[in-house]
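Structure first, then comments.
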Amino acid sequence: MIDRLAPSQRPPGANSGTQRWESLLFCHWEFDAAQLRPHLPAAMELDTYGGRAFVGIVPFKMRHIRPSWLPRHLAFNFLETNVRTYVVHNDRPGVYFFSLDASSRLAVLAARIGWSLPYYFARMSNEQRGDEQIYQSVRRGGRANHRVAFRVTDHLGPSTPDSLEHFLFERYLLFVEKNRRVYCGQVHHKPYDVWSAEVTEIDDQLIASAGLPKPQQRPALAHYSPGVDVEVFAIRDTKSLH
């Protein structure tokens with residue numbers, strides 16, 4: 001039985017860093033589970049909602065990034081866009097990242113070394129144009145660009161347990177495979193305050209560059225959150241968690 005609320009509880013002890021995630025756009029496409037499953041590590045199960053599988057693209061602003069050992073005045077900022085799906089490992093629900101693009105070389109290097117995550121350096125921008133917000137990303141050294149324009153619409157508030165929104169947004173664990181072992185990282189934050197969003201323009205190459213089938217042009221679902229303050233906890237071998 002999957003407990004979808006337990007991961008939202010703060011782990012005991014000190015965190016390994018803090019950061020703020022701002023202006024998040026959640027775009028989701030529905031995928032055929034049979035097509036998506038071969039792209040996941042064998043040790044992880046694809047997590048579905050009512051039999052529906054999803055791939056998400058999430059562009060956002062990373063703000064006040066600070067490892068616990070770094071003085072507060074040296075915290076730094078960058079933009080990020082990740083491509084993700086939802087998995088279960090040992091009955092624990094989490095996120096599996098196909099790719100993460102960031103506008104900071106330091107962040108890319110640190111995440112690749114410290115977390116074994118598939119980060120890539122990209123030129124990225126965010127701008128406000130009237131009531132529209134635009135994210136753009138151009139990955140260096142390869143053709144994997146992303147541009148999306150959207151406007152925020154109706155306020156939905158925090159998602160309720162058992163809802164599709166809760167399934168998609170309230171994910172506090174990430175899983176990554178390294179040397180045939182599965183590692184788990186955890187974050188802690190308040191539930192997202194969510195708005196619906198209207199995507200007015202999108203041009204994406206990130207999903208296809210991850211080896212996935214190219215989806216229909218517009219996402220099936222789009223949501224926005226102004227942000228959350230986040231505690232980050234060290235990544236651990238899942239065998240040590242038993």
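By convention here, the chains of the structure tokens are called A, B, ... in the order presented, each chain's residues are numbered starting at 1, and ligands are numbered starting at 1 in the order presented.
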Residues within 10 Å of region 37-51 of chain A, please, as a PyMOL selection string. Count only C-alpha atoms; anything in the same chain fewer than 5 positions from it doesn't count. chain A and resi 31-32+85-98+162-164+167-168+175-177+180-182+210-212
For Trp69 (chain A): contacts at 9 Å, only C-alpha atoms, fewer than 2 positions along chain excluded, given as number ranges by chain: A: 16-17, 66-67, 71
Prev. selection, N, CA, C and O atoms, output as an mmCIF file, in the first residue's frame:
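Listing of again.cif after writing:
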data_model
loop_
_atom_site.group_PDB
_atom_site.id
_atom_site.type_symbol
_atom_site.label_atom_id
_atom_site.label_comp_id
_atom_site.auth_asym_id
_atom_site.auth_seq_id
_atom_site.Cartn_x
_atom_site.Cartn_y
_atom_site.Cartn_z
ATOM 1 N N SER A 16 20.563 19.613 4.678
ATOM 2 C CA SER A 16 21.861 19.825 4.042
ATOM 3 C C SER A 16 21.877 21.106 3.218
ATOM 4 O O SER A 16 22.898 21.448 2.632
ATOM 5 N N GLY A 17 20.746 21.821 3.175
ATOM 6 C CA GLY A 17 20.694 23.078 2.456
ATOM 7 C C GLY A 17 19.284 23.616 2.369
ATOM 8 O O GLY A 17 18.309 22.910 2.670
ATOM 9 N N ARG A 66 21.421 27.640 -1.048
ATOM 10 C CA ARG A 66 22.496 27.705 -0.051
ATOM 11 C C ARG A 66 22.691 26.353 0.621
ATOM 12 O O ARG A 66 21.826 25.903 1.380
ATOM 13 N N PRO A 67 23.820 25.668 0.350
ATOM 14 C CA PRO A 67 24.172 24.511 1.168
ATOM 15 C C PRO A 67 24.323 24.944 2.626
ATOM 16 O O PRO A 67 24.632 26.115 2.908
ATOM 17 N N PRO A 71 27.814 30.530 3.882
ATOM 18 C CA PRO A 71 27.240 31.719 4.526
ATOM 19 C C PRO A 71 26.029 32.243 3.759
ATOM 20 O O PRO A 71 25.984 32.174 2.529
#
Sorted by chain and rising residue number, list the residues of region 10-103 of chain A at most 12 Å from region 193-203 of chain A (counting only C-alpha atoms), each with its closest atom pair and distance in Å to one decimal, as a tab-separated table.
residue	atom	partner	partner_atom	distance
A:Glu22	CA	A:Asp193	CA	11.4
A:Ser23	CA	A:Val194	CA	10.6
A:Leu24	CA	A:Val194	CA	9.6
A:Leu25	CA	A:Ala197	CA	8.0
A:Phe26	CA	A:Ala197	CA	8.7
A:Cys27	CA	A:Val199	CA	8.5
A:His28	CA	A:Val199	CA	11.2
A:Ile57	CA	A:Ile202	CA	11.2
Mind the document's chain letters and residue numbers, and return as a PyMOL selection string the residues of region 5-117 of chain A that DSSP labels strand (DSSP E). chain A and resi 17-31+45-46+53-67+76-89+92-102
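Excluding Trp21 (chain A) and any residue on its chain fewer than 6 positions from it, the residues at most 8 Å away by only C-alpha atoms are Phe60, Lys61, Met62, Arg63, Gly227, Val228, Asp229 and Val230 of chain A.
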Please measure the separation of CA of Ser103 (chain A) and CA of Leu74 (chain A), giving the value in Å to one decimal. 17.3 Å
May I have the residues within 12 Å of region 146-153 of chain A as a PyMOL selection string, using only C-alpha atoms and disregarding those fewer than 3 positions away in the same chain? chain A and resi 23-27+57-60+80-83+100-101+122-139+143+156+194-209+217-219+222-226
Enumerate, as number ranges by chain, the complete set of residues in region 33-159 of chain A that a backbone-based DSSP assignment places in helix (DSSP H, G or I). A: 33-39, 72-74, 105-115
Out of A:Tyr120, A:Tyr183, A:Phe76, A:Tyr192, which residue has the shortest atom-to-atom distance to Phe169 (chain A) when counting only C-alpha atoms?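 Checking each candidate against Phe169 (chain A), we get A:Tyr192 as the closest.
Among the candidates A:Lys239, A:Ala34, A:Arg52, A:Leu79, the one nearest to His64 (chain A) when counting only C-alpha atoms is A:Leu79.
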